Protein chains: 4
Amino acid sequence: MPINASRTEAPARIRLGMIGGGQDAFIGAVHRIAARLDDQFILCAGALSSTPERSRASGAALGLDPTRVYDDFATMAAAECARPDGIEAVAIVTPNHMHVAPALAFLQLGIHVICDKPLAASMSEARQLAAAAESSDAVFVLTHNYTGLPMIRQARAMVKSGDLGTIRLVQVEYVQDWLTEPIERDGQKQAAWRTDPARSGAGGATGDIGTHAFNLAAFVSGLRAESLAADLQSFVPGRRVDDNAHVLLRYASGARGTIWCSQVAPGNENALRLRIYGDKGGLEWEQEDPNLLWFTPFGQPKRLITRAGAGAGAEAARVSRTPPGHPEGYLEGFANIYIEAARAIRAHQRGELLSAAVEYPTINDGLAGLAFVEACITSSNHNSTWVPL
Amino acid sequence: MPINASRTEAPARIRLGMIGGGQDAFIGAVHRIAARLDDQFILCAGALSSTPERSRASGAALGLDPTRVYDDFATMAAAECARPDGIEAVAIVTPNHMHVAPALAFLQLGIHVICDKPLAASMSEARQLAAAAESSDAVFVLTHNYTGLPMIRQARAMVKSGDLGTIRLVQVEYVQDWLTEPIERDGQKQAAWRTDPARSGAGGATGDIGTHAFNLAAFVSGLRAESLAADLQSFVPGRRVDDNAHVLLRYASGARGTIWCSQVAPGNENALRLRIYGDKGGLEWEQEDPNLLWFTPFGQPKRLITRAGAGAGAEAARVSRTPPGHPEGYLEGFANIYIEAARAIRAHQRGELLSAAVEYPTINDGLAGLAFVEACITSSNHNSTWVPL
Amino acid sequence: MPINASRTEAPARIRLGMIGGGQDAFIGAVHRIAARLDDQFILCAGALSSTPERSRASGAALGLDPTRVYDDFATMAAAECARPDGIEAVAIVTPNHMHVAPALAFLQLGIHVICDKPLAASMSEARQLAAAAESSDAVFVLTHNYTGLPMIRQARAMVKSGDLGTIRLVQVEYVQDWLTEPIERDGQKQAAWRTDPARSGAGGATGDIGTHAFNLAAFVSGLRAESLAADLQSFVPGRRVDDNAHVLLRYASGARGTIWCSQVAPGNENALRLRIYGDKGGLEWEQEDPNLLWFTPFGQPKRLITRAGAGAGAEAARVSRTPPGHPEGYLEGFANIYIEAARAIRAHQRGELLSAAVEYPTINDGLAGLAFVEACITSSNHNSTWVPL
Amino acid sequence: MPINASRTEAPARIRLGMIGGGQDAFIGAVHRIAARLDDQFILCAGALSSTPERSRASGAALGLDPTRVYDDFATMAAAECARPDGIEAVAIVTPNHMHVAPALAFLQLGIHVICDKPLAASMSEARQLAAAAESSDAVFVLTHNYTGLPMIRQARAMVKSGDLGTIRLVQVEYVQDWLTEPIERDGQKQAAWRTDPARSGAGGATGDIGTHAFNLAAFVSGLRAESLAADLQSFVPGRRVDDNAHVLLRYASGARGTIWCSQVAPGNENALRLRIYGDKGGLEWEQEDPNLLWFTPFGQPKRLITRAGAGAGAEAARVSRTPPGHPEGYLEGFANIYIEAARAIRAHQRGELLSAAVEYPTINDGLAGLAFVEACITSSNHNSTWVPL
């Protein structure tokens with residue numbers, strides 16, 4: 001059971017910078033591990049915090065060259081662009097409202113951007129960024145990390161190949177419990193910015209996790225959602241954004257779906273769950289046990305397809321490192337987005353066309369995510385009327 | 001680990017008749033086992049089929065006295081009422097459109113009625129029956145069987161005692177796959193009547209299984225649903241009733257919920273699933289593994305409460321027969337409704353007040369179910385607008 | 001999804017008596033439900049306790065004719081034999097040391113015997129009973145109830161048909177925790193007799209649950225165990241019988257196996273688990289989720305075969321009542337042994353040969369169980385040396 | 001939910017070399033990811049294959065400086081030792097028979113050794129290495145990687161703190177299916193060396209995976225195994241080492257246990273499973289779902305403790321990167337051994353005493369593993385007699 005060695009090592013590391021991700025950040029550290037895991041990137045520079053002191057302290061803790069730890073992204077963009085060994089790509093891991101400004105700055109300089117989701121704090125700034133991304137030659141990758149997981153790739157391939165027949169239903173849940181109580185009042189940093197409309201955007205759960213759910217539904221089903229009807233709640237008294245959302249979806253193909261996202265359901269840690277059904281079969285998957293995919297061809301026993309095991313195909317193998325039964329997890333899935341980013345950046349650097357096999361979430365996924373959040377809010381504000389997407 | 005002997009045996013069997021339930025029927029045989037399991041009823045008479053020949057053949061197969069096998073319910077009601085040893089109760093297990101007429105007949109004669117769900121094929125006839133039930137002295141039991149399961153009783157008790165705090169979310173799914181293909185066209189008897197509006201009523205999945213889901217939500221949460229918004233589909237071409245429904249619910253207390261019921265989701269056999277969350281904890285349960293109940297007090301590890309095991313209380317024990325780890329299932333849950341019916345009938349016969357511990361679904365649950373179906377159809381016909389319940 | 005109606009009803013009930021099973025008994029109540037579930041037996045008489053007063057009180061609670069409630073089995077045997085409507089079969093549900101004497105008495109009178117397991121408290125009395133059973137014309141059924149479960153029948157059929165290839169490994173566990181503490185000292189009635197060598201026999205866990213595990217291994221694999229090596233423990237201070245056993249098995253075919261039985265493993269309620277592997281595939285099953293059977297054809301994805309679902313064959317259907325997803329449990333499995341007993345008794349009464357499809361545990365299974373217990377004790381007393389079976 | 005940032009980044013990387021791990025190797029690539037994941041090591045040199053050409057090709061694929069890719073370990077040891085920037089530590093990832101010679105060479109030069117398990121191909125060479133390790137000042141780490149998993153650390157801490165009371169039973173299984181057929185004959189490289197006594201040592205499954213199981217039992221229980229009795233099989237015709245083993249264990253404390261290891265059980269990928277029971281509670285864990293630990297305090301409901309979730313303590317947090325519900329897997333557990341190695345090496349370099357919190361498998365674990373394999377073979381060759389450890 002040799003692991004997929006051909007993709008886990010490669011000679012030339014891409015020079016990476018980071019915006020945000022200083023001490024106490026969650027997702028910045030995840031990006032760094034993801035970038036490092038397969039030895040395709042090397043972190044060289046950063047503007048790691050909104051306060052210069054913290055940025056420097058964070059840079060020191062990471063062992064960065066102090067001359068390449070910057071007080072702000074604008075200084076960093078200019079300085080790195082001027083260096084012969086300047087960064088080739090930048091990871092943007094700030095709160096949502098601070099994605100667009102640095103992304104614009106780096107795109108304009110032709111530096112590739114790997115940006116955390118959601119794309120922006122509002123649709124209008126998302127559109128501005130999309131325009132910039134289209135006019136820039138640089139690669140833009142949005143880290144909808146769950147699309148990097150092997151069994152999600154497997155599920156997508158099975159849907160595409162017709163194993164489920166015509167898709168009828170796409171059910172996605174993303175359920176957590178960490179905001180069951182008003183911890184944003186107690187200074188919990190993650191809770192504070194994620195429930196602050198000024199920093200997270202108008203969507204709470206819808207933006208933070210609903211966009212993942214919506215993206216996953218689209219990625220696996222290959223279907224276009226046409227409209228939605230939503231009922232949003234802020235169950236926790238005083239909370240300024242939604243912490244629970246019930247969403248009905250209509251797809252252009254005639255398929256239907258639902259999204260339930262919640263941050264107030266005790267007993268759920270990070271329960272992203274996908275179920276998709278067609279007239280010939282069904283697939284079921286849960287993020288907390290990501291190496292398993294349940295497939296039922298209608299009228300036959302349910303089958304358990306495992307990552308790298310019997311029944312898993314080339315699309316799963318392509319983003320898989322270890323033999324069956326040796327579980328890969330969240331970080332490996334995140335790293336797969338970085339692997340795809342590396343492939344795209346290298347193809348760009350060589351002037352080659354990108355292979356069809358390279359798949360990563362793009363600015364369009366980001367726009368769709370913002371459209372989802374806005375439609376949820378609009379619908380909910382209009383008594384759950386159907387709103388086009 | 002002695003079993004709950006005090007309730008599994010009792011001297012005097014209640015004389016039971018049956019309307020419907022002849023050969024090829026599903027639910028009639030279930031009712032007979034449920035009535036027999038705890039030795040509280042004895043089947044004495046029946047009008048078992050719409051055709052006299054089949055009724056007689058079915059009666060013979062069941063070993064009934066041929067003089068008490070009748071061609072139709074009206075004849076049976078009159079004849080049994082005239083006998084000194086006539087039936088004390090009747091089980092009505094016909095297709096939905098044939099519940100009300102026999103129920104009215106027996107209620108008028110003071111014979112207790114145990115009726116399969118949904119109560120009727122339409123709201124108007126349901127109201128007629130409700131009026132008759134109120135004016136009759138007889139007991140009326142509707143077999144929403146899942147409310148008889150021990151861990152559902154346990155869940156209800158825990159909600160009531162405040163273990164979950166204030167309820168915020170009530171999520172129920174009832175998902176099957178047996179109607180994925182248009183088997184009603186091939187003469188499958190169960191499919192034929194259940195997808196025929198003339199026999200099942202206007203609701204398909206909503207009536208057949210959605211009413212169970214709606215009833216379960218109310219039973220466990222103790223909350224009153226105030227309005228719903230629904231999107232119904234008939235995915236199978238030519239099908240005349242809904243085979244999938246997405247329903248949003250608003251409860252009077254401010255809680256919210258969803259119901260998803262489907263008969264076209266491959267890989268789901270009889271997947272009734274309840275999840276209920278409050279500001280202090282959550283409960284999760286699945287019908288296919290009915291002896292287990294997952295309880296998470298917020299901020300503590302999830303706990304597995306098992307039927308008759310540590311953590312299960314008196315409400316579960318009351319309807320439980322075997323020690324922990326000796327699974328009880330669908331038939332035992334169904335039998336618990338018959339046990340409750342027997343208790344109610346005996347209390348009635350003795351002129352006693354009914355103990356508060358005796359709980360069974362009533363005509364009001366039946367009315368609520370019909371209201372649910374009608375509201376689903378109304379909402380879906382009006383583009384998922386909110387409809388009061 | 002009509003249920004298997006042809007077997008759940010039949011006209012002529014077999015008249016049944018019971019020895020043991022009075023108030024506070026566990027297994028007696030189980031036998032009564034099992035006998036009643038499918039309407040094949042009617043309980044008519046009993047000697048329900050070792051004390052006449054308790055026997056009478058228990059008979060009254062069961063609604064038995066007081067003239068047919070006896071003080072002891074010998075009186076009952078004589079009296080019932082003399083009645084024209086005397087019992088046709090007797091269920092023996094006493095503690096182990098009280099199986100043989102009544103069984104001998106009834107067999108001699110040609111009354112069919114349905115006896116709880118283990119067969120006896122010692123090998124010598126087991127042999128005596130076996131001789132009597134062979135010379136008697138009556139049917140003798142031993143209630144190794146787990147062999148009645150549909151998915152166990154399914155597993156056996158798959159092994160027989162070669163789905164696993166040549167069997168290499170048969171791993172069975174039967175693990176409980178109810179004797180973790182010395183509750184026999186506190187007067188817990190079940191614990192008291194089951195840990196008393198005078199009443200249970202020399203084996204504790206080995207006799208009570210190990211015999212089930214050993215029987216299940218033989219039933220499903222179809223293989224003959226040739227020898228065993230065992231290490232037995234009595235972990236609870238003062239306990240007079242084993243409460244844990246580790247057993248290695250060698251089968252005549254060259255296959256190997258293990259049995260682990262324990263009553264002191266906290267967190268295990270009634271965890272009987274079977275895993276069987278051949279050179280072409282593997283099967284896995286757990287009693288606490290008895291409707292599921294996992295099958296892996298080597299080199300293919302694992303498949304979930306469900307009772308009455310796709311992939312389940314005629315052998316499972318034959319002992320199954322409800323559609324897929326409507327779980328059957330412990331009592332239904334037990335009732336299947338009674339169904340088989342009824343078939344055997346009726347064939348006997350009609351003078352017919354028994355159909356090959358009728359399968360129930362016999363006196364030979366009982367002898368094998370006693371041999372298993374004795375070999376475990378002998379091996380453990382000789383430092384786990386291999387002992388022939 | 002900030003991740004454990006303090007341990008996932010640190011400035012000064014330890015210079016690492018590698019022996020073995022060239023193209024087509026499995027475990028070498030795993031070691032490289034594990035070393036890289038937390039940015040504590042940088043791979044600088046290697047003798048990556050037994051053939052110089054393959055070593056060079058592998059080095060190029062890894063982007064190593066060609067002058068630091070060596071034809072053999074002896075040349076590498078001498079050359080690296082002479083460089084001012086020579087490696088500080090070496091990872092030995094060759095087949096078992098090639099562990100000792102390079103380990104001796106590097107230890108003699110004071111270069112820290114991180115060695116794959118089992119320690120050696122025979123007890124005699126293991127003892128030779130142990131002597132060298134004792135006389136060397138360098139750190140020696142054996143990669144029994146499963147001891148690095150957070151929930152294994154959690155389990156150990158709970159046992160130590162008395163949550164289970166006095167331990168009675170330690171049950172470990174390590175079950176795979178990849179050697180169900182004689183693939184060693186078809187040139188499958190992993191199978192070829194792992195079933196060749198000259199390269200793997202006399203133990204097959206016992207050495208390859210049984211040593212992991214034995215080590216895990218000791219690590220979590222804290223108990224010393226005193227003797228064992230084993231029955232080993234080579235089920236696949238022509239196989240020269242065991243592919244299945246049933247092992248009984250007696251611990252010095254009076255506890256008992258079993259180990260079942262197999263490579264021929266279809267449907268098992270990498271099923272390492274630990275269950276440990278005391279007089280106050282039980283713990284259950286499975287490697288394929290490594291983020292979960294089931295804990296039953298006797299007499300209370302089973303609890304699910306999750307990595308980084310409620311109920312998980314400091315020992316789990318110390319080796320955990322992501323929030324609850326974001327699964328970590330095999331590679332992260334392996335990386336935790338490298339983290340511990342880095343801590344030990346840095347403490348050594350600073351001349352500091354090692355913190356008690358730093359835990360990694362040592363040469364003594366390696367000796368114990370070899371003793372386990374030898375005892376299994378001896379016992380099995382003597383008809384499963386008990387053999388002291």
# chains A, B, ... in the order shown; residues from 1 in each chain; ligands from 1

call {"tool": "closest_atom_pairs", "arguments": {"of": "chain C", "to": "chain A", "cutoff": "10 Å", "atoms": "only C-alpha atoms", "output": "Markdown table"}}
result
| residue | atom | partner | partner_atom | distance |
| --- | --- | --- | --- | --- |
| C:Trp294 | CA | A:Arg303 | CA | 9.5 |
| C:Phe295 | CA | A:Arg303 | CA | 9.5 |
| C:Thr296 | CA | A:Arg303 | CA | 9.4 |
| C:Phe298 | CA | A:Ala310 | CA | 9.0 |
| C:Gly299 | CA | A:Ala310 | CA | 5.9 |
| C:Gln300 | CA | A:Ala310 | CA | 5.1 |
| C:Pro301 | CA | A:Ala310 | CA | 5.3 |
| C:Lys302 | CA | A:Leu304 | CA | 5.2 |
| C:Arg303 | CA | A:Arg303 | CA | 4.4 |
| C:Leu304 | CA | A:Lys302 | CA | 5.2 |
| C:Ile305 | CA | A:Pro301 | CA | 5.6 |
| C:Thr306 | CA | A:Pro301 | CA | 7.6 |
| C:Gly309 | CA | A:Pro301 | CA | 7.5 |
| C:Ala310 | CA | A:Gln300 | CA | 5.0 |
| C:Gly311 | CA | A:Pro301 | CA | 5.8 |
| C:Ala312 | CA | A:Pro301 | CA | 8.8 |

call {"tool": "residues_around", "arguments": {"residues": "region 372-378 of chain C", "least_positions_apart": "5", "cutoff": "10 Å", "atoms": "only C-alpha atoms", "output": "mmCIF file with C-alpha atoms, in the first residue's frame"}}
result
data_model
loop_
_atom_site.group_PDB
_atom_site.id
_atom_site.type_symbol
_atom_site.label_atom_id
_atom_site.label_comp_id
_atom_site.auth_asym_id
_atom_site.auth_seq_id
_atom_site.Cartn_x
_atom_site.Cartn_y
_atom_site.Cartn_z
ATOM 1 C CA PRO C 118 -27.676 -24.485 29.093
ATOM 2 C CA ALA C 121 -25.807 -28.045 35.280
ATOM 3 C CA SER C 122 -23.390 -30.863 34.533
ATOM 4 C CA MET C 123 -22.263 -33.044 31.683
ATOM 5 C CA GLY C 201 -23.325 -25.574 37.245
ATOM 6 C CA ALA C 202 -19.570 -25.206 37.402
ATOM 7 C CA GLY C 203 -19.451 -22.587 34.662
ATOM 8 C CA GLY C 204 -20.423 -18.992 35.343
ATOM 9 C CA ALA C 205 -20.032 -16.732 32.327
ATOM 10 C CA THR C 206 -18.971 -19.760 30.318
ATOM 11 C CA GLY C 207 -22.250 -21.521 31.028
ATOM 12 C CA ASP C 208 -24.571 -18.556 30.975
ATOM 13 C CA GLY C 210 -20.312 -18.697 26.639
ATOM 14 C CA THR C 211 -22.592 -21.529 25.564
ATOM 15 C CA PHE C 214 -20.068 -21.377 21.183
ATOM 16 C CA ASN C 215 -23.412 -22.413 19.747
ATOM 17 C CA ALA C 225 -14.660 -27.347 17.050
ATOM 18 C CA SER C 227 -10.233 -28.523 20.874
ATOM 19 C CA LEU C 228 -9.917 -25.441 23.003
ATOM 20 C CA ALA C 229 -7.515 -23.703 25.344
ATOM 21 C CA ALA C 230 -8.990 -21.430 27.991
ATOM 22 C CA ASP C 231 -8.006 -18.959 30.652
ATOM 23 C CA LEU C 232 -10.881 -18.366 33.086
ATOM 24 C CA ASP C 242 -15.924 -17.640 36.326
ATOM 25 C CA ALA C 245 -13.146 -16.306 29.954
ATOM 26 C CA HIS C 246 -10.649 -16.127 27.117
ATOM 27 C CA VAL C 247 -10.922 -19.170 24.892
ATOM 28 C CA LEU C 248 -8.900 -20.237 21.841
ATOM 29 C CA GLY C 366 -27.029 -28.835 24.549
ATOM 30 C CA LEU C 367 -24.449 -31.575 24.904
ATOM 31 C CA ASN C 383 -2.790 -23.810 32.735
ATOM 32 C CA SER C 384 -4.675 -23.378 29.465
ATOM 33 C CA THR C 385 -3.612 -26.628 27.910
ATOM 34 C CA TRP C 386 -5.487 -27.678 24.773
ATOM 35 C CA VAL C 387 -8.436 -29.944 25.611
ATOM 36 C CA PRO C 388 -10.320 -31.953 22.991
ATOM 37 C CA LEU C 389 -14.043 -31.329 22.519
#

call {"tool": "select_by_dssp", "arguments": {"residues": "region 89-323 of chain B", "states": "helix (DSSP H, G or I)", "output": "MDAnalysis selection string"}}
result
chainID B and resid 96:98 100:108 123:135 145:148 150:160 183:186 189:194 197:200 205:221 314:317

call {"tool": "residues_around", "arguments": {"residues": "Ala155 (chain B)", "least_positions_apart": "3", "cutoff": "8 Å", "atoms": "only C-alpha atoms", "output": "list in words"}}
result
Met151, Ile152, Met158, Val159, Val220, Leu283 and Leu293 of chain B

call {"tool": "residues_around", "arguments": {"residues": "Gly313 (chain D)", "least_positions_apart": "3", "cutoff": "7 Å", "atoms": "only C-alpha atoms", "output": "compact mmCIF listing (two decimals) with N, CA and C atoms, in the first residue's frame"}}
result
# COMPACT_ATOMS: atom_id res chain seq x y z
N GLN D 154 -5.30 10.58 26.13
CA GLN D 154 -6.43 10.78 27.04
C GLN D 154 -6.74 9.49 27.81
N ALA D 316 -4.56 15.22 26.10
CA ALA D 316 -5.01 15.18 24.70
C ALA D 316 -4.77 16.52 24.03
N ALA D 317 -5.02 17.58 24.74
CA ALA D 317 -4.86 18.92 24.16
C ALA D 317 -3.42 19.17 23.74

call {"tool": "residues_around", "arguments": {"residues": "Asp365 (chain C)", "least_positions_apart": "3", "cutoff": "10 Å", "atoms": "only C-alpha atoms", "output": "PyMOL selection string"}}
result
chain C and resi 117-119+141-144+211-212+214-215+218-219+360-362+368-371
